[in-house]
Amino acid sequence: MDLPGLTRCLKVGLFRFVLEPCQPLMVPAYSKGNMLRGGFGHAFRRLCCIPQCRDTHSCPLTATCPYKAVFEPAPPPGADRLSKNQDVPRPFVFRPPRDERTRYEPGSVFEFDLVLLGRALDYLPYFVLAFRELGTEGLGLNRARCLLQSVHSLMWTLGSHTWQPGRRVFASEDQLFRSAELLETKQWLEDRLGEWADPAKNGKPHMAVLAQEPNQGRGPAAADSGTDLSGGRQPGNPDLLTAGTSNHGNLQLRFLTPVLLKSEGAVVRRPEFHPLFKRLRDRLNALCTFFGEGPLEADFQGLGRRAEQVRLVSARIEWEERERRSSKTGQRHPLSGFVGQATYEGEFTEFLPWLALGELTHVGKHTAWGNGQIGVGS
């Protein structure tokens, strides 16, 4: 798929929410995303739903309900090809802190990031209002009162590999909502591809994608946690792979939060490239179909076949067992997946733009909770 096609498919906005505890705030060590999504869901529904609404299927305002559009989206009219898809992706991703901190004192701040995708950006004011109300009512394990101090758009700083606060969307001192600054998807892709092609742009001696000689005589890889699968061969001072060319090289991916993938109905425990890419390909297409400019025009089968040719060289991963409890049913659902990093060998040029967008959208199951965050490079 060409670069312009991907840049037109989906609007993306990243935002940083800053909450100031008014009393000690207790949060889970590992399930902060579940806390945020669960609390937001309840507050959001109270903001949107009328008393006559028992569920989104029977609500008289279901066609215009923000809660349904964000939390229980359905295929749009005419989307026959995807109408049987029962797992419509949610157009938002919570990115809670990845540390294990469990207590925040008054005077400190609790920060988290939010990714909104496509038409979900129209509902940003609801997200802001919901967390303002949630802070007033009480957040966390001990329902601590918090002040929503501010919400800022986040902008990528080229070369520093960090997100920096940009335009202020909301501030507690005036309680005004301002227009958001969206991420320029085209610029994001160009910057990321440029960073991977030119090490001088990121100040690092070696980047993720390395040009080297094709694989010769090495057998198939087998990925075990913490196992080096490179056969002892290390690339010697390679040149960087240039975006837009067709070079053979190595690619490193980091799995920052638990990644849960399924392939042919089975859970994927080895971070092979092709199931990861296929799920990312399908997720981006579904997001564009349901919340963007329509289905992507791409050779999906061809991309999948070529992804199968990419070889797993080494992997250092751990499986993290996590779960959440549904407030509706009381049932427990897994939020598990693998974290760590893996190195692959193959032809990556056509996959790089997809992976760059995957850094924003996450991949796999439970992305709304913050799972499936990936990073390209060391």
# chains A, B, ... in the order shown; residues from 1 in each chain; ligands from 1
call {"tool": "closest_atom_pairs", "arguments": {"of": "range 288-316 of chain A", "to": "range 350-370 of chain A", "cutoff": "10 Å", "atoms": "only C-alpha atoms", "output": "JSON lines"}}
result
{"residue": "A:Leu303", "atom": "CA", "partner": "A:Phe351", "partner_atom": "CA", "distance": 8.2}
{"residue": "A:Arg306", "atom": "CA", "partner": "A:Phe351", "partner_atom": "CA", "distance": 9.6}
{"residue": "A:Ala307", "atom": "CA", "partner": "A:Phe351", "partner_atom": "CA", "distance": 8.2}
call {"tool": "residues_around", "arguments": {"residues": "range 277-291 of chain A", "least_positions_apart": "6", "cutoff": "6 Å", "atoms": "only C-alpha atoms", "output": "PyMOL selection string"}}
result
chain A and resi 9-10+118-119+363
call {"tool": "write_last_selection", "arguments": {"atoms": "C-alpha atoms", "output": "compact mmCIF listing (two decimals), in the first residue's frame"}}
result
# COMPACT_ATOMS: atom_id res chain seq x y z
CA CYS A 9 -7.45 6.60 6.07
CA LEU A 10 -7.80 7.78 9.66
CA GLY A 118 -11.44 8.78 13.43
CA ARG A 119 -14.95 9.95 14.29
CA VAL A 363 -2.60 -4.20 18.02
call {"tool": "residues_around", "arguments": {"residues": "Leu183 in chain A", "least_positions_apart": "3", "cutoff": "8 Å", "atoms": "only C-alpha atoms", "output": "list in words"}}
result
Lys11, Val12, Gly13, Leu14, Leu154, Met155 and Trp188 of chain A
call {"tool": "residues_around", "arguments": {"residues": "Lys32 in chain A", "least_positions_apart": "3", "cutoff": "6 Å", "atoms": "only C-alpha atoms", "output": "VMD selection string"}}
result
chain A and resid 28 35 96
call {"tool": "closest_residue", "arguments": {"among": "A:Glu345, A:Phe15, A:Glu184, A:Glu137", "to": "Ser153 in chain A", "atoms": "only C-alpha atoms"}}
result
A:Phe15
call {"tool": "residues_around", "arguments": {"residues": "range 63-69 of chain A", "least_positions_apart": "6", "cutoff": "8 Å", "atoms": "only C-alpha atoms", "output": "ChimeraX atom specification"}}
result
/A:44-45,48-49,56,120,123
call {"tool": "write_last_selection", "arguments": {"atoms": "N, CA, C and O atoms", "output": "short mmCIF file (atom, residue, chain, number, x, y, z; two decimals), in the first residue's frame"}}
result
data_model
loop_
_atom_site.label_atom_id
_atom_site.label_comp_id
_atom_site.auth_asym_id
_atom_site.auth_seq_id
_atom_site.Cartn_x
_atom_site.Cartn_y
_atom_site.Cartn_z
N PHE A 44 -19.38 8.17 31.44
CA PHE A 44 -19.79 8.51 30.09
C PHE A 44 -21.26 8.17 29.86
O PHE A 44 -22.02 8.95 29.28
N ARG A 45 -21.66 7.00 30.35
CA ARG A 45 -23.05 6.60 30.16
C ARG A 45 -24.00 7.52 30.91
O ARG A 45 -25.08 7.86 30.41
N CYS A 48 -24.56 10.60 28.84
CA CYS A 48 -25.20 10.46 27.53
C CYS A 48 -26.61 9.89 27.58
O CYS A 48 -27.46 10.27 26.75
N CYS A 49 -26.86 8.96 28.50
CA CYS A 49 -28.07 8.15 28.40
C CYS A 49 -29.27 8.81 29.09
O CYS A 49 -29.15 9.43 30.15
N THR A 56 -28.40 -0.27 24.68
CA THR A 56 -28.19 0.45 23.42
C THR A 56 -29.02 -0.12 22.27
O THR A 56 -29.23 0.55 21.27
N ALA A 120 -14.30 9.21 16.53
CA ALA A 120 -14.31 9.31 17.99
C ALA A 120 -13.78 10.66 18.45
O ALA A 120 -14.07 11.10 19.57
N TYR A 123 -16.10 13.19 19.90
CA TYR A 123 -16.61 13.00 21.25
C TYR A 123 -15.58 13.34 22.32
O TYR A 123 -15.79 13.02 23.50
#
call {"tool": "residues_around", "arguments": {"residues": "Asp191 in chain A", "least_positions_apart": "3", "cutoff": "10 Å", "atoms": "only C-alpha atoms", "output": "PDB file with all heavy atoms, in the first residue's frame"}}
result
ATOM      1  N   TRP A 156       4.393  14.801  18.687  1.00  0.00           N
ATOM      2  CA  TRP A 156       5.635  14.037  18.624  1.00  0.00           C
ATOM      3  C   TRP A 156       6.804  14.970  18.339  1.00  0.00           C
ATOM      4  O   TRP A 156       6.744  15.786  17.415  1.00  0.00           O
ATOM      5  CB  TRP A 156       5.532  12.984  17.537  1.00  0.00           C
ATOM      6  CG  TRP A 156       6.766  12.160  17.325  1.00  0.00           C
ATOM      7  CD1 TRP A 156       7.666  12.259  16.311  1.00  0.00           C
ATOM      8  CD2 TRP A 156       7.222  11.090  18.156  1.00  0.00           C
ATOM      9  NE1 TRP A 156       8.655  11.323  16.443  1.00  0.00           N
ATOM     10  CE2 TRP A 156       8.413  10.592  17.568  1.00  0.00           C
ATOM     11  CE3 TRP A 156       6.758  10.507  19.331  1.00  0.00           C
ATOM     12  CZ2 TRP A 156       9.120   9.530  18.116  1.00  0.00           C
ATOM     13  CZ3 TRP A 156       7.469   9.463  19.875  1.00  0.00           C
ATOM     14  CH2 TRP A 156       8.623   8.977  19.276  1.00  0.00           C
ATOM     15  N   THR A 157       7.853  14.848  19.120  1.00  0.00           N
ATOM     16  CA  THR A 157       9.042  15.668  18.929  1.00  0.00           C
ATOM     17  C   THR A 157      10.077  14.857  18.164  1.00  0.00           C
ATOM     18  O   THR A 157      10.623  13.871  18.676  1.00  0.00           O
ATOM     19  CB  THR A 157       9.624  16.108  20.283  1.00  0.00           C
ATOM     20  OG1 THR A 157       8.623  16.813  21.017  1.00  0.00           O
ATOM     21  CG2 THR A 157      10.824  17.031  20.076  1.00  0.00           C
ATOM     22  N   LEU A 158      10.323  15.252  16.935  1.00  0.00           N
ATOM     23  CA  LEU A 158      11.251  14.533  16.080  1.00  0.00           C
ATOM     24  C   LEU A 158      12.643  14.534  16.699  1.00  0.00           C
ATOM     25  O   LEU A 158      13.158  15.566  17.105  1.00  0.00           O
ATOM     26  CB  LEU A 158      11.299  15.177  14.690  1.00  0.00           C
ATOM     27  CG  LEU A 158      12.210  14.530  13.652  1.00  0.00           C
ATOM     28  CD1 LEU A 158      11.729  13.123  13.343  1.00  0.00           C
ATOM     29  CD2 LEU A 158      12.253  15.368  12.379  1.00  0.00           C
ATOM     30  N   GLY A 159      13.246  13.352  16.771  1.00  0.00           N
ATOM     31  CA  GLY A 159      14.611  13.229  17.275  1.00  0.00           C
ATOM     32  C   GLY A 159      14.700  12.908  18.755  1.00  0.00           C
ATOM     33  O   GLY A 159      15.631  12.257  19.186  1.00  0.00           O
ATOM     34  N   THR A 185      -1.113  12.748  10.445  1.00  0.00           N
ATOM     35  CA  THR A 185      -0.729  11.365  10.184  1.00  0.00           C
ATOM     36  C   THR A 185       0.350  11.270   9.120  1.00  0.00           C
ATOM     37  O   THR A 185       1.304  10.485   9.243  1.00  0.00           O
ATOM     38  CB  THR A 185      -1.955  10.540   9.755  1.00  0.00           C
ATOM     39  OG1 THR A 185      -3.017  10.759  10.675  1.00  0.00           O
ATOM     40  CG2 THR A 185      -1.625   9.056   9.718  1.00  0.00           C
ATOM     41  N   LYS A 186       0.224  12.065   8.060  1.00  0.00           N
ATOM     42  CA  LYS A 186       1.215  12.042   6.993  1.00  0.00           C
ATOM     43  C   LYS A 186       2.589  12.435   7.538  1.00  0.00           C
ATOM     44  O   LYS A 186       3.601  11.796   7.231  1.00  0.00           O
ATOM     45  CB  LYS A 186       0.803  12.978   5.860  1.00  0.00           C
ATOM     46  CG  LYS A 186       1.759  13.017   4.673  1.00  0.00           C
ATOM     47  CD  LYS A 186       1.182  13.889   3.559  1.00  0.00           C
ATOM     48  CE  LYS A 186       2.070  13.847   2.318  1.00  0.00           C
ATOM     49  NZ  LYS A 186       3.378  14.475   2.564  1.00  0.00           N
ATOM     50  N   GLN A 187       2.614  13.475   8.371  1.00  0.00           N
ATOM     51  CA  GLN A 187       3.878  13.924   8.937  1.00  0.00           C
ATOM     52  C   GLN A 187       4.455  12.878   9.884  1.00  0.00           C
ATOM     53  O   GLN A 187       5.665  12.654   9.930  1.00  0.00           O
ATOM     54  CB  GLN A 187       3.689  15.256   9.667  1.00  0.00           C
ATOM     55  CG  GLN A 187       4.992  15.921  10.094  1.00  0.00           C
ATOM     56  CD  GLN A 187       5.835  16.319   8.897  1.00  0.00           C
ATOM     57  OE1 GLN A 187       5.362  16.978   7.981  1.00  0.00           O
ATOM     58  NE2 GLN A 187       7.094  15.893   8.894  1.00  0.00           N
ATOM     59  N   TRP A 188       3.579  12.245  10.671  1.00  0.00           N
ATOM     60  CA  TRP A 188       4.030  11.190  11.579  1.00  0.00           C
ATOM     61  C   TRP A 188       4.720  10.066  10.801  1.00  0.00           C
ATOM     62  O   TRP A 188       5.816   9.631  11.168  1.00  0.00           O
ATOM     63  CB  TRP A 188       2.836  10.638  12.360  1.00  0.00           C
ATOM     64  CG  TRP A 188       3.072   9.308  13.008  1.00  0.00           C
ATOM     65  CD1 TRP A 188       2.689   8.084  12.529  1.00  0.00           C
ATOM     66  CD2 TRP A 188       3.751   9.044  14.245  1.00  0.00           C
ATOM     67  NE1 TRP A 188       3.076   7.081  13.383  1.00  0.00           N
ATOM     68  CE2 TRP A 188       3.730   7.639  14.440  1.00  0.00           C
ATOM     69  CE3 TRP A 188       4.367   9.852  15.196  1.00  0.00           C
ATOM     70  CZ2 TRP A 188       4.301   7.044  15.555  1.00  0.00           C
ATOM     71  CZ3 TRP A 188       4.937   9.252  16.313  1.00  0.00           C
ATOM     72  CH2 TRP A 188       4.893   7.874  16.491  1.00  0.00           C
ATOM     73  N   GLY A 194      11.618   8.453   8.211  1.00  0.00           N
ATOM     74  CA  GLY A 194      12.872   9.176   8.102  1.00  0.00           C
ATOM     75  C   GLY A 194      13.823   8.840   9.234  1.00  0.00           C
ATOM     76  O   GLY A 194      15.031   8.712   9.030  1.00  0.00           O
ATOM     77  N   GLU A 195      13.277   8.695  10.450  1.00  0.00           N
ATOM     78  CA  GLU A 195      14.123   8.332  11.595  1.00  0.00           C
ATOM     79  C   GLU A 195      14.722   6.949  11.409  1.00  0.00           C
ATOM     80  O   GLU A 195      15.889   6.713  11.736  1.00  0.00           O
ATOM     81  CB  GLU A 195      13.289   8.369  12.877  1.00  0.00           C
ATOM     82  CG  GLU A 195      12.969   9.770  13.354  1.00  0.00           C
ATOM     83  CD  GLU A 195      12.116   9.749  14.597  1.00  0.00           C
ATOM     84  OE1 GLU A 195      11.177   8.935  14.663  1.00  0.00           O
ATOM     85  OE2 GLU A 195      12.394  10.536  15.502  1.00  0.00           O
ATOM     86  N   TRP A 196      13.929   6.029  10.897  1.00  0.00           N
ATOM     87  CA  TRP A 196      14.440   4.674  10.718  1.00  0.00           C
ATOM     88  C   TRP A 196      15.471   4.611   9.594  1.00  0.00           C
ATOM     89  O   TRP A 196      16.338   3.748   9.583  1.00  0.00           O
ATOM     90  CB  TRP A 196      13.286   3.722  10.423  1.00  0.00           C
ATOM     91  CG  TRP A 196      12.295   3.666  11.537  1.00  0.00           C
ATOM     92  CD1 TRP A 196      12.536   3.936  12.851  1.00  0.00           C
ATOM     93  CD2 TRP A 196      10.911   3.350  11.453  1.00  0.00           C
ATOM     94  NE1 TRP A 196      11.387   3.803  13.593  1.00  0.00           N
ATOM     95  CE2 TRP A 196      10.369   3.447  12.756  1.00  0.00           C
ATOM     96  CE3 TRP A 196      10.047   2.990  10.414  1.00  0.00           C
ATOM     97  CZ2 TRP A 196       9.040   3.196  13.032  1.00  0.00           C
ATOM     98  CZ3 TRP A 196       8.728   2.739  10.687  1.00  0.00           C
ATOM     99  CH2 TRP A 196       8.211   2.837  11.978  1.00  0.00           C
ATOM    100  N   ALA A 197      15.370   5.535   8.631  1.00  0.00           N
ATOM    101  CA  ALA A 197      16.306   5.527   7.513  1.00  0.00           C
ATOM    102  C   ALA A 197      17.593   6.274   7.808  1.00  0.00           C
ATOM    103  O   ALA A 197      18.639   5.973   7.239  1.00  0.00           O
ATOM    104  CB  ALA A 197      15.636   6.139   6.279  1.00  0.00           C
ATOM    105  N   LYS A 201      19.021  11.471  12.666  1.00  0.00           N
ATOM    106  CA  LYS A 201      17.814  12.156  13.111  1.00  0.00           C
ATOM    107  C   LYS A 201      17.402  11.766  14.516  1.00  0.00           C
ATOM    108  O   LYS A 201      16.602  12.444  15.138  1.00  0.00           O
ATOM    109  CB  LYS A 201      16.659  11.865  12.136  1.00  0.00           C
ATOM    110  CG  LYS A 201      16.851  12.503  10.778  1.00  0.00           C
ATOM    111  CD  LYS A 201      15.620  12.291   9.901  1.00  0.00           C
ATOM    112  CE  LYS A 201      15.768  12.986   8.554  1.00  0.00           C
ATOM    113  NZ  LYS A 201      14.584  12.819   7.715  1.00  0.00           N
ATOM    114  N   ALA A 356       4.243   1.831  11.695  1.00  0.00           N
ATOM    115  CA  ALA A 356       4.269   3.183  12.258  1.00  0.00           C
ATOM    116  C   ALA A 356       2.889   3.584  12.761  1.00  0.00           C
ATOM    117  O   ALA A 356       2.750   4.182  13.838  1.00  0.00           O
ATOM    118  CB  ALA A 356       4.772   4.180  11.217  1.00  0.00           C
TER     119      ALA A 356
END
call {"tool": "closest_residue", "arguments": {"among": "A:Cys146, A:Ala130, A:Leu116, A:Val93", "to": "Val18 in chain A", "atoms": "only C-alpha atoms"}}
result
A:Cys146
call {"tool": "atom_distance", "arguments": {"atom1": "CA of Val70 in chain A", "atom2": "CA of Arg90 in chain A"}}
result
6.4 Å
call {"tool": "decode", "arguments": {"residues": "range 118-129 of chain A", "atoms": "all heavy atoms", "output": "PDB file, in the first residue's frame"}}
result
ATOM      1  N   GLY A 118     -10.352   8.512  14.359  1.00  0.00           N
ATOM      2  CA  GLY A 118     -11.441   8.782  13.430  1.00  0.00           C
ATOM      3  C   GLY A 118     -12.544   9.616  14.044  1.00  0.00           C
ATOM      4  O   GLY A 118     -12.300  10.623  14.722  1.00  0.00           O
ATOM      5  N   ARG A 119     -13.786   9.172  13.833  1.00  0.00           N
ATOM      6  CA  ARG A 119     -14.946   9.951  14.291  1.00  0.00           C
ATOM      7  C   ARG A 119     -15.053  10.031  15.807  1.00  0.00           C
ATOM      8  O   ARG A 119     -15.822  10.851  16.337  1.00  0.00           O
ATOM      9  CB  ARG A 119     -16.228   9.356  13.699  1.00  0.00           C
ATOM     10  CG  ARG A 119     -16.401   9.659  12.214  1.00  0.00           C
ATOM     11  CD  ARG A 119     -17.763   9.241  11.715  1.00  0.00           C
ATOM     12  NE  ARG A 119     -17.908   7.799  11.649  1.00  0.00           N
ATOM     13  CZ  ARG A 119     -17.494   7.049  10.636  1.00  0.00           C
ATOM     14  NH1 ARG A 119     -16.894   7.618   9.599  1.00  0.00           N
ATOM     15  NH2 ARG A 119     -17.668   5.747  10.634  1.00  0.00           N
ATOM     16  N   ALA A 120     -14.299   9.206  16.528  1.00  0.00           N
ATOM     17  CA  ALA A 120     -14.307   9.315  17.990  1.00  0.00           C
ATOM     18  C   ALA A 120     -13.777  10.660  18.448  1.00  0.00           C
ATOM     19  O   ALA A 120     -14.073  11.101  19.568  1.00  0.00           O
ATOM     20  CB  ALA A 120     -13.479   8.192  18.611  1.00  0.00           C
ATOM     21  N   LEU A 121     -13.015  11.342  17.605  1.00  0.00           N
ATOM     22  CA  LEU A 121     -12.515  12.678  17.960  1.00  0.00           C
ATOM     23  C   LEU A 121     -13.652  13.670  18.169  1.00  0.00           C
ATOM     24  O   LEU A 121     -13.497  14.647  18.903  1.00  0.00           O
ATOM     25  CB  LEU A 121     -11.563  13.179  16.878  1.00  0.00           C
ATOM     26  CG  LEU A 121     -10.186  12.503  16.875  1.00  0.00           C
ATOM     27  CD1 LEU A 121      -9.521  12.642  15.516  1.00  0.00           C
ATOM     28  CD2 LEU A 121      -9.305  13.088  17.960  1.00  0.00           C
ATOM     29  N   ASP A 122     -14.792  13.414  17.545  1.00  0.00           N
ATOM     30  CA  ASP A 122     -15.947  14.297  17.737  1.00  0.00           C
ATOM     31  C   ASP A 122     -16.450  14.255  19.174  1.00  0.00           C
ATOM     32  O   ASP A 122     -17.136  15.182  19.623  1.00  0.00           O
ATOM     33  CB  ASP A 122     -17.091  13.896  16.796  1.00  0.00           C
ATOM     34  CG  ASP A 122     -16.721  14.037  15.337  1.00  0.00           C
ATOM     35  OD1 ASP A 122     -15.798  14.822  15.031  1.00  0.00           O
ATOM     36  OD2 ASP A 122     -17.350  13.366  14.491  1.00  0.00           O
ATOM     37  N   TYR A 123     -16.104  13.188  19.895  1.00  0.00           N
ATOM     38  CA  TYR A 123     -16.614  13.000  21.249  1.00  0.00           C
ATOM     39  C   TYR A 123     -15.578  13.340  22.320  1.00  0.00           C
ATOM     40  O   TYR A 123     -15.786  13.018  23.500  1.00  0.00           O
ATOM     41  CB  TYR A 123     -17.092  11.553  21.422  1.00  0.00           C
ATOM     42  CG  TYR A 123     -18.131  11.152  20.401  1.00  0.00           C
ATOM     43  CD1 TYR A 123     -17.853  10.190  19.437  1.00  0.00           C
ATOM     44  CD2 TYR A 123     -19.388  11.756  20.382  1.00  0.00           C
ATOM     45  CE1 TYR A 123     -18.794   9.832  18.492  1.00  0.00           C
ATOM     46  CE2 TYR A 123     -20.335  11.399  19.441  1.00  0.00           C
ATOM     47  CZ  TYR A 123     -20.030  10.439  18.497  1.00  0.00           C
ATOM     48  OH  TYR A 123     -20.973  10.089  17.556  1.00  0.00           O
ATOM     49  N   LEU A 124     -14.494  13.991  21.938  1.00  0.00           N
ATOM     50  CA  LEU A 124     -13.487  14.372  22.927  1.00  0.00           C
ATOM     51  C   LEU A 124     -14.085  15.154  24.093  1.00  0.00           C
ATOM     52  O   LEU A 124     -13.717  14.908  25.250  1.00  0.00           O
ATOM     53  CB  LEU A 124     -12.366  15.175  22.255  1.00  0.00           C
ATOM     54  CG  LEU A 124     -11.301  15.748  23.185  1.00  0.00           C
ATOM     55  CD1 LEU A 124     -10.598  14.648  23.967  1.00  0.00           C
ATOM     56  CD2 LEU A 124     -10.291  16.585  22.394  1.00  0.00           C
ATOM     57  N   PRO A 125     -15.007  16.120  23.873  1.00  0.00           N
ATOM     58  CA  PRO A 125     -15.581  16.827  25.033  1.00  0.00           C
ATOM     59  C   PRO A 125     -16.244  15.885  26.040  1.00  0.00           C
ATOM     60  O   PRO A 125     -16.198  16.147  27.247  1.00  0.00           O
ATOM     61  CB  PRO A 125     -16.610  17.767  24.390  1.00  0.00           C
ATOM     62  CG  PRO A 125     -16.091  18.000  23.009  1.00  0.00           C
ATOM     63  CD  PRO A 125     -15.484  16.690  22.600  1.00  0.00           C
ATOM     64  N   TYR A 126     -16.836  14.786  25.550  1.00  0.00           N
ATOM     65  CA  TYR A 126     -17.448  13.835  26.475  1.00  0.00           C
ATOM     66  C   TYR A 126     -16.389  13.148  27.336  1.00  0.00           C
ATOM     67  O   TYR A 126     -16.611  12.883  28.523  1.00  0.00           O
ATOM     68  CB  TYR A 126     -18.238  12.776  25.699  1.00  0.00           C
ATOM     69  CG  TYR A 126     -19.547  13.279  25.143  1.00  0.00           C
ATOM     70  CD1 TYR A 126     -19.631  13.786  23.848  1.00  0.00           C
ATOM     71  CD2 TYR A 126     -20.716  13.237  25.910  1.00  0.00           C
ATOM     72  CE1 TYR A 126     -20.829  14.238  23.332  1.00  0.00           C
ATOM     73  CE2 TYR A 126     -21.926  13.686  25.400  1.00  0.00           C
ATOM     74  CZ  TYR A 126     -21.974  14.189  24.112  1.00  0.00           C
ATOM     75  OH  TYR A 126     -23.168  14.639  23.607  1.00  0.00           O
ATOM     76  N   PHE A 127     -15.236  12.826  26.749  1.00  0.00           N
ATOM     77  CA  PHE A 127     -14.160  12.227  27.522  1.00  0.00           C
ATOM     78  C   PHE A 127     -13.683  13.193  28.607  1.00  0.00           C
ATOM     79  O   PHE A 127     -13.432  12.787  29.747  1.00  0.00           O
ATOM     80  CB  PHE A 127     -12.996  11.853  26.602  1.00  0.00           C
ATOM     81  CG  PHE A 127     -13.208  10.595  25.804  1.00  0.00           C
ATOM     82  CD1 PHE A 127     -13.963  10.595  24.648  1.00  0.00           C
ATOM     83  CD2 PHE A 127     -12.641   9.402  26.223  1.00  0.00           C
ATOM     84  CE1 PHE A 127     -14.157   9.438  23.913  1.00  0.00           C
ATOM     85  CE2 PHE A 127     -12.824   8.235  25.504  1.00  0.00           C
ATOM     86  CZ  PHE A 127     -13.587   8.253  24.338  1.00  0.00           C
ATOM     87  N   VAL A 128     -13.544  14.454  28.249  1.00  0.00           N
ATOM     88  CA  VAL A 128     -13.094  15.460  29.217  1.00  0.00           C
ATOM     89  C   VAL A 128     -14.112  15.609  30.343  1.00  0.00           C
ATOM     90  O   VAL A 128     -13.770  15.577  31.532  1.00  0.00           O
ATOM     91  CB  VAL A 128     -12.838  16.805  28.517  1.00  0.00           C
ATOM     92  CG1 VAL A 128     -12.504  17.891  29.549  1.00  0.00           C
ATOM     93  CG2 VAL A 128     -11.711  16.677  27.492  1.00  0.00           C
ATOM     94  N   LEU A 129     -15.389  15.769  29.969  1.00  0.00           N
ATOM     95  CA  LEU A 129     -16.432  15.943  30.985  1.00  0.00           C
ATOM     96  C   LEU A 129     -16.568  14.704  31.862  1.00  0.00           C
ATOM     97  O   LEU A 129     -16.782  14.810  33.074  1.00  0.00           O
ATOM     98  CB  LEU A 129     -17.767  16.255  30.308  1.00  0.00           C
ATOM     99  CG  LEU A 129     -17.885  17.631  29.647  1.00  0.00           C
ATOM    100  CD1 LEU A 129     -19.201  17.746  28.890  1.00  0.00           C
ATOM    101  CD2 LEU A 129     -17.777  18.745  30.683  1.00  0.00           C
TER     102      LEU A 129
END
